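Q: Next comes entry_22.txt, compact mmCIF, C-alpha atoms:
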# COMPACT_ATOMS: atom_id res chain seq x y z
CA MET A 1256 -2.88 279.38 237.43
CA SER A 1257 0.12 277.13 237.94
CA ARG A 1258 -0.12 277.81 241.68
CA SER A 1259 -3.70 276.67 241.85
CA ILE A 1260 -2.95 273.54 239.83
CA THR A 1261 -0.03 272.72 242.08
CA SER A 1262 -2.21 273.16 245.15
CA LEU A 1263 -4.90 270.88 243.80
CA ILE A 1264 -2.30 268.22 243.11
CA LEU A 1265 -1.05 268.65 246.67
CA LEU A 1266 -4.49 268.09 248.08
CA MET A 1267 -4.97 264.92 246.08
CA VAL A 1268 -1.53 263.57 246.93
CA LEU A 1269 -1.51 264.37 250.61
CA CYS A 1270 -5.02 263.42 251.69
CA PRO A 1271 -4.29 259.69 251.47
CA LEU A 1272 -1.08 260.28 253.40
CA VAL A 1273 -3.02 261.92 256.19
CA THR A 1274 -5.27 258.92 256.35
CA ARG A 1275 -2.23 256.71 256.64
CA ALA A 1276 -0.80 258.92 259.37
CA GLN A 1277 -4.01 258.67 261.30
CA ASN A 1278 -3.99 254.92 260.93
CA GLY A 1279 -0.47 255.02 262.34
CA THR A 1280 -1.88 256.20 265.67
CA ASP A 1281 -4.13 253.20 266.03
CA THR A 1282 -1.80 251.61 268.56
CA THR A 1283 -2.53 254.10 271.35
CA THR A 1284 -3.80 253.00 274.72
CA VAL A 1285 -7.46 253.65 274.14
CA VAL A 1286 -9.44 250.47 274.30
CA VAL A 1287 -12.67 250.69 272.46
CA SER A 1288 -15.30 248.05 272.06
CA GLU A 1289 -16.56 247.37 268.59
CA LYS A 1290 -20.04 248.46 269.60
CA LYS A 1291 -18.96 251.85 270.85
CA PRO A 1292 -18.37 254.56 268.23
CA VAL A 1293 -14.68 255.43 268.12
CA ALA A 1294 -15.22 259.17 267.85
CA GLU A 1295 -16.85 259.39 271.23
CA THR A 1296 -13.58 258.64 272.96
CA ALA A 1297 -11.92 261.69 271.38
CA ASN A 1298 -12.94 264.38 273.80
CA GLY A 1299 -11.47 267.74 274.80
CA ARG A 1300 -11.24 271.22 273.40
CA GLN A 1301 -8.46 272.87 271.43
CA LEU A 1302 -7.75 276.49 270.54
CA ARG A 1303 -5.13 277.01 267.87
CA LEU A 1304 -3.43 280.24 266.83
CA GLY A 1305 -1.50 280.22 263.58
CA PHE A 1306 0.61 282.53 261.47
CA ASP A 1307 0.90 282.26 257.72
CA ILE A 1308 4.66 281.92 257.23
CA GLY A 1309 4.17 281.42 253.50
CA ARG A 1310 3.31 285.12 253.32
CA LEU A 1311 6.77 286.01 254.58
CA LEU A 1312 8.22 284.26 251.57
CA SER A 1313 5.75 285.70 249.08
CA ASN A 1314 6.34 289.15 250.57
CA SER A 1315 10.01 288.78 249.71
CA ILE A 1316 9.25 287.47 246.22
CA TYR A 1317 6.61 289.92 245.09
CA SER A 1318 7.58 293.55 245.04
CA THR A 1319 4.06 294.82 244.44
CA ARG A 1320 2.32 293.41 247.48
CA LYS A 1321 2.78 292.70 251.15
CA ASP A 1322 0.43 290.99 253.53
CA TYR A 1323 0.33 289.28 256.90
CA GLU A 1324 -2.22 286.80 258.11
CA LEU A 1325 -3.24 285.11 261.37
CA MET A 1326 -5.69 282.29 261.92
CA LEU A 1327 -7.53 281.08 264.97
CA ASP A 1328 -9.55 277.92 265.16
CA MET A 1329 -11.36 276.14 267.95
CA TYR A 1330 -12.47 272.55 268.06
CA LEU A 1331 -16.18 272.30 268.78
CA HIS A 1332 -17.24 268.68 268.43
CA LYS A 1333 -17.51 265.91 265.88
CA GLU A 1334 -14.49 267.13 263.86
CA LEU A 1335 -15.98 270.58 263.45
CA TYR A 1336 -13.80 273.64 263.97
CA LEU A 1337 -14.87 277.24 264.22
CA VAL A 1338 -12.36 279.38 262.33
CA ALA A 1339 -11.52 283.08 262.31
CA GLU A 1340 -8.78 284.58 260.16
CA GLY A 1341 -7.58 288.11 259.72
CA GLY A 1342 -4.74 290.28 258.64
CA PHE A 1343 -3.65 293.31 256.71
CA GLY A 1344 -1.56 294.22 253.72
CA ASN A 1345 -0.94 296.61 250.88
CA GLY A 1346 -0.35 296.70 247.17
CA VAL A 1347 1.62 298.97 244.87
CA GLN A 1348 0.75 299.50 241.23
CA ASP A 1349 3.76 300.95 239.48
CA TYR A 1350 3.34 300.64 235.74
CA ASP A 1351 4.55 303.22 233.28
CA ASN A 1352 0.96 304.14 232.53
CA LEU A 1353 -0.68 303.65 235.94
CA LYS A 1354 0.52 304.28 239.49
CA TYR A 1355 -1.28 304.06 242.82
CA LYS A 1356 -1.15 302.34 246.19
CA SER A 1357 -3.74 300.50 248.21
CA ASP A 1358 -3.96 298.99 251.67
CA ASN A 1359 -6.58 297.01 253.50
CA VAL A 1360 -7.51 294.95 256.50
CA PHE A 1361 -9.53 291.79 256.19
CA PHE A 1362 -11.42 289.31 258.29
CA ARG A 1363 -12.73 285.86 257.47
CA ALA A 1364 -14.95 283.57 259.51
CA GLY A 1365 -16.33 280.11 258.94
CA PHE A 1366 -15.73 276.53 259.84
CA ASP A 1367 -13.61 273.52 258.92
CA LYS A 1368 -14.88 269.97 258.89
CA TYR A 1369 -12.22 267.30 259.27
CA MET A 1370 -12.73 264.39 256.98
CA PHE A 1371 -11.72 261.59 259.34
CA PRO A 1372 -12.85 261.03 262.94
CA ARG A 1373 -10.30 261.38 265.69
CA LYS A 1374 -9.03 258.04 266.92
CA ASN A 1375 -8.15 259.20 270.42
CA PRO A 1376 -7.93 262.38 272.51
CA ASP A 1377 -4.38 263.08 271.33
CA ASP A 1378 -5.18 262.78 267.66
CA TRP A 1379 -5.45 266.29 266.22
CA ASN A 1380 -3.98 265.66 262.78
CA GLY A 1381 -6.13 265.63 259.74
CA ALA A 1382 -7.33 266.93 256.42
CA PHE A 1383 -10.33 269.13 256.14
CA VAL A 1384 -12.64 271.12 253.96
CA GLY A 1385 -14.21 274.39 254.98
CA LEU A 1386 -16.28 277.42 254.14
CA ARG A 1387 -15.56 281.08 254.83
CA TYR A 1388 -17.15 284.45 254.49
CA GLY A 1389 -14.62 287.22 254.01
CA ILE A 1390 -14.74 290.98 254.20
CA GLY A 1391 -12.02 293.46 253.28
CA LEU A 1392 -11.92 297.20 253.93
CA ILE A 1393 -9.75 298.82 251.28
CA ASN A 1394 -8.28 302.25 250.69
CA ARG A 1395 -6.88 303.21 247.31
CA THR A 1396 -4.85 306.37 246.81
CA ALA A 1397 -5.39 308.72 243.92
CA ALA A 1398 -4.20 307.08 240.72
CA TRP A 1399 -1.90 308.69 238.20
CA TYR A 1400 -2.40 307.56 234.64
CA LYS A 1401 -0.92 308.18 231.23
CA THR A 1402 -2.47 307.46 227.86
CA ASP A 1403 -0.85 307.53 224.46
CA ASP A 1404 -3.31 309.37 222.28
CA GLY A 1405 -2.09 307.73 219.09
CA PHE A 1406 -1.41 311.14 217.64
CA GLY A 1407 2.08 311.21 219.04
CA GLY A 1408 1.00 312.97 222.22
CA ILE A 1409 0.77 311.86 225.81
CA THR A 1410 -2.21 312.53 228.04
CA THR A 1411 -1.79 312.34 231.80
CA GLY A 1412 -4.14 312.85 234.71
CA THR A 1413 -5.22 311.59 238.08
CA THR A 1414 -8.37 309.94 239.35
CA PRO A 1415 -9.39 310.47 242.97
CA GLY A 1416 -8.76 307.92 245.68
CA ALA A 1417 -11.54 305.62 246.78
CA HIS A 1418 -12.69 303.30 249.55
CA PHE A 1419 -13.98 299.84 248.81
CA THR A 1420 -15.58 297.07 250.80
CA ALA A 1421 -15.10 293.60 249.42
CA HIS A 1422 -17.32 290.67 250.35
CA TRP A 1423 -16.41 287.21 249.27
CA PHE A 1424 -17.27 283.57 249.77
CA GLU A 1425 -14.57 281.00 250.08
CA LEU A 1426 -14.15 277.25 249.72
CA THR A 1427 -11.05 275.84 251.31
CA GLY A 1428 -9.31 272.57 251.97
CA GLY A 1429 -6.07 271.63 253.66
CA MET A 1430 -4.39 269.75 256.41
CA ARG A 1431 -2.76 270.15 259.81
CA VAL A 1432 -0.01 267.96 261.18
CA LEU A 1433 1.38 267.99 264.70
CA ILE A 1434 5.15 268.38 264.38
CA LEU A 1435 6.05 269.26 267.97
CA PRO A 1436 4.02 269.17 271.18
CA GLY A 1437 1.31 271.73 270.59
CA VAL A 1438 2.86 272.94 267.32
CA PHE A 1439 1.17 272.31 263.98
CA ALA A 1440 2.24 272.80 260.38
CA GLY A 1441 -0.32 272.82 257.63
CA TRP A 1442 -1.64 274.40 254.51
CA ASN A 1443 -4.83 275.61 252.93
CA ILE A 1444 -5.82 275.99 249.34
CA ARG A 1445 -8.63 278.42 248.76
CA GLY A 1446 -11.03 279.28 246.01
CA ARG A 1447 -12.54 282.72 246.50
CA PHE A 1448 -15.54 284.24 244.81
CA LEU A 1449 -16.20 287.94 245.03
CA LEU A 1450 -19.82 288.68 245.90
CA ASN A 1451 -19.94 292.38 245.04
CA GLN A 1452 -18.08 292.57 241.77
CA LYS A 1453 -20.03 295.64 240.67
CA SER A 1454 -18.44 297.68 243.43
CA PHE A 1455 -15.13 297.10 241.71
CA ASP A 1456 -16.05 298.35 238.26
CA GLY A 1457 -13.58 300.98 237.19
CA LEU A 1458 -10.19 301.25 238.81
CA SER A 1459 -10.24 298.50 241.40
CA PRO A 1460 -7.26 297.79 243.66
CA ALA A 1461 -4.84 295.44 241.97
CA TYR A 1462 -4.25 293.53 245.18
CA ILE A 1463 -6.49 292.95 248.19
CA ALA A 1464 -4.79 291.28 251.13
CA GLY A 1465 -6.85 288.31 252.23
CA TYR A 1466 -8.53 288.04 248.84
CA GLY A 1467 -6.04 288.38 246.00
CA GLN A 1468 -6.31 290.21 242.69
CA GLY A 1469 -8.98 292.84 243.12
CA ASP A 1470 -9.95 292.87 239.46
CA LYS A 1471 -10.78 289.14 239.40
CA GLN A 1472 -14.15 287.74 240.35
CA ALA A 1473 -12.68 284.36 241.30
CA VAL A 1474 -9.18 283.70 242.60
CA PHE A 1475 -7.19 280.84 244.07
CA ASP A 1476 -4.76 281.19 246.92
CA PHE A 1477 -2.50 279.14 249.13
CA ASN A 1478 -1.47 279.47 252.79
CA PHE A 1479 1.12 277.68 254.83
CA TYR A 1480 0.55 278.00 258.57
CA LEU A 1481 2.56 277.34 261.64
CA SER A 1482 0.28 277.26 264.65
CA TYR A 1483 0.31 276.61 268.35
CA ALA A 1484 -2.51 274.90 270.21
CA ILE A 1485 -3.72 274.93 273.77
CA ARG A 1486 -6.08 272.25 275.00
CA TRP A 1487 -8.42 271.73 277.89
CA GLY A 1488 -11.18 269.42 278.95
CA LEU A 1489 -9.26 266.33 277.97
CA LYS A 1490 -10.70 263.37 279.85
CA PRO A 1491 -8.89 260.12 280.50
CA ALA A 1492 -9.21 257.57 277.80
CA VAL A 1493 -12.42 255.57 278.02
CA SER A 1494 -11.91 251.89 278.65
CA VAL A 1495 -14.80 249.67 277.79
CA PRO A 1496 -14.42 246.06 278.95
CA LEU A 1497 -14.79 243.53 276.23
CA LYS A 1498 -17.69 241.11 276.55
CA MET B 685 7.39 263.02 269.80
CA VAL B 686 7.03 262.80 266.03
CA SER B 687 6.35 259.33 264.77
CA LYS B 688 8.02 257.96 261.68
CA PRO B 689 4.96 258.18 259.46
CA GLN B 690 4.42 261.73 260.62
CA ARG B 691 8.02 262.64 259.91
CA SER B 692 7.85 261.26 256.40
CA LEU B 693 4.55 263.04 255.95
CA LEU B 694 6.11 266.26 257.11
CA TYR B 695 9.00 265.91 254.67
CA THR B 696 6.55 265.25 251.88
CA LEU B 697 4.51 268.21 252.97
CA LEU B 698 7.47 270.55 253.11
CA SER B 699 8.85 269.47 249.76
CA CYS B 700 5.46 269.96 248.15
CA ILE B 701 5.14 273.35 249.78
CA ALA B 702 8.55 274.29 248.42
CA ALA B 703 7.43 273.20 244.96
CA ALA B 704 4.24 275.21 245.30
CA VAL B 705 6.14 278.30 246.40
CA ILE B 706 8.62 277.96 243.56
CA GLY B 707 5.74 277.47 241.17
CA SER B 708 3.96 280.52 242.39
CA ALA B 709 7.19 282.48 242.27
CA CYS B 710 7.29 281.78 238.56
CA ASN B 711 4.06 283.70 238.21
CA THR B 712 4.67 287.31 237.45
CA ASP B 713 2.95 289.74 239.76
CA ARG B 714 2.73 292.21 236.91
CA PRO B 715 0.56 290.67 234.22
CA PRO B 716 1.05 292.07 230.71
CA CYS B 717 -1.57 294.09 228.90
CA LEU B 718 -3.14 291.82 226.28
CA GLN B 719 -5.78 294.04 224.74
CA PRO B 720 -5.88 296.99 222.37
CA LEU B 721 -5.16 300.31 224.03
CA SER B 722 -6.58 302.66 221.41
CA ALA B 723 -10.19 302.94 220.36
CA GLN B 724 -10.31 302.99 216.59
CA VAL B 725 -13.00 304.10 214.18
CA ASP B 726 -13.67 301.26 211.74
CA ILE B 727 -14.77 302.53 208.35
CA GLY B 728 -16.26 300.56 205.47
CA CYS B 729 -16.60 301.78 201.90
CA TYR B 730 -19.66 300.86 199.83
CA GLN B 731 -21.06 301.42 196.38
CA HIS B 732 -24.63 301.88 195.30
CA ILE B 733 -25.17 299.39 192.49
CA ASP B 734 -28.83 299.55 191.52
CA SER B 735 -32.12 301.27 192.17
CA ASN B 736 -33.16 298.80 194.87
CA ASN B 737 -30.92 300.42 197.43
CA THR B 738 -28.42 297.59 197.20
CA TYR B 739 -24.91 298.40 198.35
CA ILE B 740 -21.80 296.28 198.09
CA ASP B 741 -18.30 296.68 199.42
CA THR B 742 -16.20 298.69 197.09
CA LEU B 743 -12.46 298.25 196.95
CA LEU B 744 -10.75 301.57 196.69
CA PRO B 745 -7.98 301.33 194.10
CA ASN B 746 -5.15 303.34 195.61
CA VAL B 747 -6.07 304.95 198.90
CA ASN B 748 -4.54 307.76 200.86
CA PHE B 749 -5.92 308.40 204.34
CA VAL B 750 -4.40 311.45 205.96
CA SER B 751 -4.95 313.05 209.33
CA LEU B 752 -5.09 316.82 209.40
CA ASP B 753 -4.80 316.99 213.18
CA ILE B 754 -1.70 314.96 213.82
CA ASP B 755 1.07 317.52 213.61
CA SER B 756 0.32 319.22 210.31
CA ALA B 757 -0.67 316.14 208.33
CA ARG B 758 0.15 312.50 208.71
CA PHE B 759 -0.45 309.71 206.24
CA TRP B 760 -2.19 306.85 207.99
CA TYR B 761 -2.68 304.85 204.78
CA ILE B 762 -0.59 305.75 201.78
CA GLY B 763 -1.14 304.19 198.36
CA VAL B 764 -2.95 301.17 199.82
CA LYS B 765 -4.44 299.13 197.00
CA ASN B 766 -7.83 297.44 196.78
CA VAL B 767 -8.99 297.87 200.34
CA SER B 768 -12.52 298.65 201.53
CA LYS B 769 -12.06 298.62 205.32
CA PHE B 770 -10.02 301.14 207.29
CA ALA B 771 -9.32 301.88 210.93
CA ILE B 772 -8.45 305.39 212.03
CA ILE B 773 -8.16 307.12 215.40
CA LEU B 774 -9.67 310.17 217.02
CA SER B 775 -7.94 312.80 219.08
CA PRO B 776 -8.56 312.42 222.82
CA VAL B 777 -7.72 316.07 223.48
CA HIS B 778 -10.22 317.60 221.03
CA ASP B 779 -13.88 317.11 220.26
CA THR B 780 -13.37 316.99 216.52
CA THR B 781 -10.86 315.26 214.29
CA ARG B 782 -10.43 315.74 210.55
CA TRP B 783 -9.26 313.16 208.08
CA VAL B 784 -8.71 313.40 204.33
CA ILE B 785 -9.53 310.44 202.14
CA GLN B 786 -8.54 309.97 198.52
CA ALA B 787 -9.84 306.83 196.85
CA ASP B 788 -7.32 306.81 194.03
CA SER B 789 -4.28 308.89 194.69
CA ALA B 790 -3.49 309.17 191.01
CA VAL B 791 -6.87 310.26 189.76
CA THR B 792 -9.61 311.20 192.18
CA ALA B 793 -10.27 314.32 194.18
CA VAL B 794 -9.82 314.35 197.94
CA ASP B 795 -12.60 314.54 200.50
CA THR B 796 -12.42 315.71 204.09
CA LEU B 797 -14.18 313.81 206.85
CA THR B 798 -14.87 315.71 210.08
CA PHE B 799 -15.69 313.56 213.08
CA ILE B 800 -17.56 315.31 215.90
CA TYR B 801 -17.76 313.33 219.13
CA ASP B 802 -17.84 313.15 222.91
CA ARG B 803 -14.87 311.53 224.61
CA LYS B 804 -14.76 309.64 227.85
CA LEU B 805 -11.91 308.32 229.93
CA LYS B 806 -12.31 304.58 230.36
CA PHE B 807 -10.51 302.15 232.65
CA LEU B 808 -9.41 298.99 230.87
CA SER B 809 -7.53 297.01 233.50
CA ASN B 810 -4.70 297.35 235.97
CA ALA B 811 -2.32 295.97 233.38
CA CYS B 812 -3.51 298.23 230.56
CA GLY B 813 -4.48 301.36 232.47
CA TYR B 814 -6.80 303.94 230.98
CA THR B 815 -7.80 304.83 227.47
CA TYR B 816 -10.40 307.03 225.81
CA SER B 817 -13.63 305.89 224.26
CA PHE B 818 -15.72 308.07 222.00
CA SER B 819 -19.32 308.59 221.11
CA LEU B 820 -19.79 309.86 217.56
CA LYS B 821 -22.28 312.68 217.28
CA GLN B 822 -21.85 313.60 213.65
CA VAL B 823 -19.62 312.95 210.66
CA LEU B 824 -19.38 315.71 208.11
CA ALA B 825 -17.92 315.15 204.67
CA THR B 826 -17.15 317.03 201.52
CA LYS B 827 -18.52 315.37 198.41
CA ASN B 828 -15.89 315.87 195.79
CA ASP B 829 -15.63 312.14 195.15
CA LEU B 830 -17.74 310.29 197.70
CA ASP B 831 -21.50 310.29 197.77
CA SER B 832 -22.42 310.27 201.45
CA VAL B 833 -21.33 309.23 204.92
CA ALA B 834 -23.40 307.52 207.63
CA ILE B 835 -22.79 306.56 211.25
CA ASN B 836 -23.44 302.85 211.66
CA ASN B 837 -22.44 302.54 215.34
CA SER B 838 -21.66 305.61 217.39
CA ASP B 839 -19.80 303.89 220.26
CA VAL B 840 -16.11 303.83 219.46
CA THR B 841 -14.32 301.63 221.96
CA THR B 842 -11.49 299.11 221.94
CA LYS B 843 -13.99 296.45 220.98
CA ALA B 844 -13.11 295.00 217.60
CA GLY B 845 -15.33 293.94 214.72
CA ILE B 846 -17.78 296.83 214.81
CA GLU B 847 -18.11 299.07 211.78
CA HIS B 848 -18.72 302.59 212.99
CA VAL B 849 -18.91 304.60 209.77
CA LYS B 850 -19.98 303.77 206.23
CA ILE B 851 -18.75 305.76 203.27
CA TYR B 852 -20.80 305.51 200.07
CA TYR B 853 -19.39 306.11 196.62
Just dump the structure as structure tokens.
A:
Amino acid sequence: MSRSITSLILLMVLCPLVTRAQNGTDTTTVVVSEKKPVAETANGRQLRLGFDIGRLLSNSIYSTRKDYELMLDMYLHKELYLVAEGGFGNGVQDYDNLKYKSDNVFFRAGFDKYMFPRKNPDDWNGAFVGLRYGIGLINRTAAWYKTDDGFGGITTGTTPGAHFTAHWFELTGGMRVLILPGVFAGWNIRGRFLLNQKSFDGLSPAYIAGYGQGDKQAVFDFNFYLSYAIRWGLKPAVSVPLK
Amino acid sequence: MVSKPQRSLLYTLLSCIAAAVIGSACNTDRPPCLQPLSAQVDIGCYQHIDSNNTYIDTLLPNVNFVSLDIDSARFWYIGVKNVSKFAIILSPVHDTTRWVIQADSAVTAVDTLTFIYDRKLKFLSNACGYTYSFSLKQVLATKNDLDSVAINNSDVTTKAGIEHVKIYY
């Protein structure tokens, strides 16, 4: 909960800063008449591949889960990006009364819409909101359990392993900032909503990489990406003579 | 390469990220179990007070409630005064469990309650694991002191606030 609250605060604090950063690029060489829409001068295509380096840290912090995540986005037009994300991971449940392991792969697809128009062809910074559809294919091993019967005895047993398919819908927001030529840093906060909760009645996996806690119908998550971009189709800046 | 506003933005970003990571690190990845683990049979004691089939709670003066199936015998309630509601447990390894109830340990005779039920393994949560729930089929009772026994709700789960069995005196 504290993670989600912190992330929301981050979004509120940093969005105005992004706006200011974009305003800071107003002094570039593009000359635009007042009659011509500014966004039309920001041409070109960009393909960006990112790796969630925040997962490396969380993998070292949490002993019960490991996951790795890549993202790919491509600029289409009018601040709209097509986004694909994927990865894999595993979880370990190791309580005194319940033990099992799970692993899964996941894939997410959707789009991001940047909130502010690009000022020039080199302006790729920004804050965005987006939507995703996610799917996870999950394997859970047989689970060992122990119950205290209240009569002073212990009952143990195992339940068979199972396969699950998780479908979820996701709202996300975040930002990307160019820190080196072609290299971006940025983060996403995500609210995820499981669409097939009934499939997870009974012993559901405690952790689903790409989603979060498997026994929750709604979860929040946070990513911190480092990404590298390649660009093409960049046209020279448009100069419109002033009347 | 990186303008001054961008650099300050990056520092802000990184410091906030560090705060977020530290904050999330404070979250335990092993949440505690915060719900009851044992399904209990809630029992209420009642007294028939008139010919209009009116029953009221009756406080038993000095109660002993003893299990016959835990070891040899185990007192669950011993000399409990002026109580009308009790919670007992059922064995998850047998289909019947016997309890002895004595309303006034100094005076009254004892009665034996025999609970006959189906049991089912039930998953609570990843934090709490599994437990057993029960479905009461029948409750048999001797009538040395009590009058009768009735099943009010046959589903015995970890859900609280449901009276499963009524004992009439």
Q: What's around A:Leu1481 at 9 Å? Count only C-alpha atoms, leave out sequence neighbours fewer than 2 positions away in its own chain, and write the answer as a list in words.
A: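 Listing them by chain and then by number gives Leu1304, Gly1305, Phe1306, Asp1307, Ile1308, Val1438, Phe1439, Ala1440, Gly1441, Trp1442, Phe1479 and Tyr1483 of chain A.
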Q: How many Å lie between atom CA of B:Lys850 and atom CA of A:Asp1403, rounded to one decimal?
A: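 That distance, rounded to one decimal, is 26.7 Å.
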Q: Select, from A:Gly1467, A:Pro1415, A:Gly1405, A:Gly1429, the residue with the minimum atom-to-atom distance to chain B, counting only C-alpha atoms.
A: A:Gly1405
Q: When you look at A:Gln1452 with a cut-off of 12 Å (counting all atoms listed in the file), what residues show up, excluding the ones that are within fewer than 6 positions of it in the same chain? I need them as a list in words.
A: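 The residues that qualify are Phe1419, Thr1420, Ala1421, His1422, Trp1423, Ser1459, Gly1469, Asp1470, Lys1471, Gln1472 and Ala1473 of chain A.
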Q: Using all atoms listed in the file, which of B:Ile785, B:Val777, B:Val791, B:Ile727 sits nearest B:Leu805?
A: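 Closest to B:Leu805, using all atoms listed in the file: B:Val777.
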Q: What is the distance between atom CA of B:Ile772 and atom CA of B:Asp726, in Å to one decimal?
A: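 Computing it gives 6.7 Å between the two atoms.
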Q: Quick one: residues within 12 Å of B:Lys827, all atoms listed in the file counted, chain neighbours fewer than 3 positions away excluded, as a VMD selection string?
A: chain B and resid 784 to 786 792 to 797 824 830 to 833 851 to 853
Q: Taking C-alpha atoms for each residue, export the selection above as a short mmCIF file (atom, residue, chain, number, x, y, z; two decimals), keeping the file's coordinate frame.
A:
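Everything below was put into part.cif:
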data_model
loop_
_atom_site.label_atom_id
_atom_site.label_comp_id
_atom_site.auth_asym_id
_atom_site.auth_seq_id
_atom_site.Cartn_x
_atom_site.Cartn_y
_atom_site.Cartn_z
CA VAL B 784 -8.71 313.40 204.33
CA ILE B 785 -9.53 310.44 202.14
CA GLN B 786 -8.54 309.97 198.52
CA THR B 792 -9.61 311.20 192.18
CA ALA B 793 -10.27 314.32 194.18
CA VAL B 794 -9.82 314.35 197.94
CA ASP B 795 -12.60 314.54 200.50
CA THR B 796 -12.42 315.71 204.09
CA LEU B 797 -14.18 313.81 206.85
CA LEU B 824 -19.38 315.71 208.11
CA LEU B 830 -17.74 310.29 197.70
CA ASP B 831 -21.50 310.29 197.77
CA SER B 832 -22.42 310.27 201.45
CA VAL B 833 -21.33 309.23 204.92
CA ILE B 851 -18.75 305.76 203.27
CA TYR B 852 -20.80 305.51 200.07
CA TYR B 853 -19.39 306.11 196.62
#
Q: Which residue out of A:Leu1450, A:Ile1485, A:Ala1364, A:Ala1417 has the minimum interatomic distance to A:Thr1396 when only C-alpha atoms are used?
A: A:Ala1417
Q: With distances taken over all atoms listed in the file, which of B:Ala811, B:Ile846, B:Val767, B:Ile835 is nearest to chain A?
A: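 When distances to chain A are compared using all atoms listed in the file, the smallest one comes from B:Ala811.
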Q: Please compute the atom CA of B:Gln719-atom CA of A:Leu1353 distance, one decimal, in Å.
A: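 Interatomic distance, atom CA of B:Gln719 to atom CA of A:Leu1353: 15.6 Å.
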Q: Nearest to A:Ala1398: which of B:Asn828, B:Asn810, B:Ser817, B:Asn748 is it, counting all atoms listed in the file?
A: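 Of the candidates, the smallest distance to A:Ala1398 is held by B:Asn810.
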Q: Report as a list in words all protein, DNA and RNA residues lying within 10 Å of B:His778, evaluated on only C-alpha atoms, omitting residues in the same chain fewer than 2 positions from it.
A: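 Here the qualifying residues turn out to be Asp753, Leu774, Ser775, Pro776, Thr780, Thr781, Ile800, Tyr801, Asp802 and Arg803 of chain B.
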Q: Determine the nearest neighbour of B:Pro715 from the options A:Tyr1350, A:Trp1487, A:Phe1366, A:Tyr1400, counting all atoms listed in the file.
A: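 Closest to B:Pro715, using all atoms listed in the file: A:Tyr1350.
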Q: So that I can see what lies close to A:Ala1464, please list as an mmCIF file with C-alpha atoms, keeping the file's coordinate frame the residues with an atom at most 9 Å from it, counting all atoms listed in the file and leaving out residues fewer than 4 positions away in the same chain.
A:
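This is the output file around15.cif:
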data_model
loop_
_atom_site.group_PDB
_atom_site.id
_atom_site.type_symbol
_atom_site.label_atom_id
_atom_site.label_comp_id
_atom_site.auth_asym_id
_atom_site.auth_seq_id
_atom_site.Cartn_x
_atom_site.Cartn_y
_atom_site.Cartn_z
ATOM 1 C CA ARG A 1320 2.320 293.410 247.480
ATOM 2 C CA LYS A 1321 2.780 292.700 251.150
ATOM 3 C CA ASP A 1322 0.430 290.990 253.530
ATOM 4 C CA TYR A 1323 0.330 289.280 256.900
ATOM 5 C CA GLU A 1324 -2.220 286.800 258.110
ATOM 6 C CA GLY A 1342 -4.740 290.280 258.640
ATOM 7 C CA PHE A 1343 -3.650 293.310 256.710
ATOM 8 C CA GLY A 1344 -1.560 294.220 253.720
ATOM 9 C CA ASN A 1345 -0.940 296.610 250.880
ATOM 10 C CA GLY A 1346 -0.350 296.700 247.170
ATOM 11 C CA ASP A 1358 -3.960 298.990 251.670
ATOM 12 C CA ASN A 1359 -6.580 297.010 253.500
ATOM 13 C CA VAL A 1360 -7.510 294.950 256.500
ATOM 14 C CA PHE A 1361 -9.530 291.790 256.190
ATOM 15 C CA GLY A 1391 -12.020 293.460 253.280
ATOM 16 C CA GLN A 1468 -6.310 290.210 242.690
#
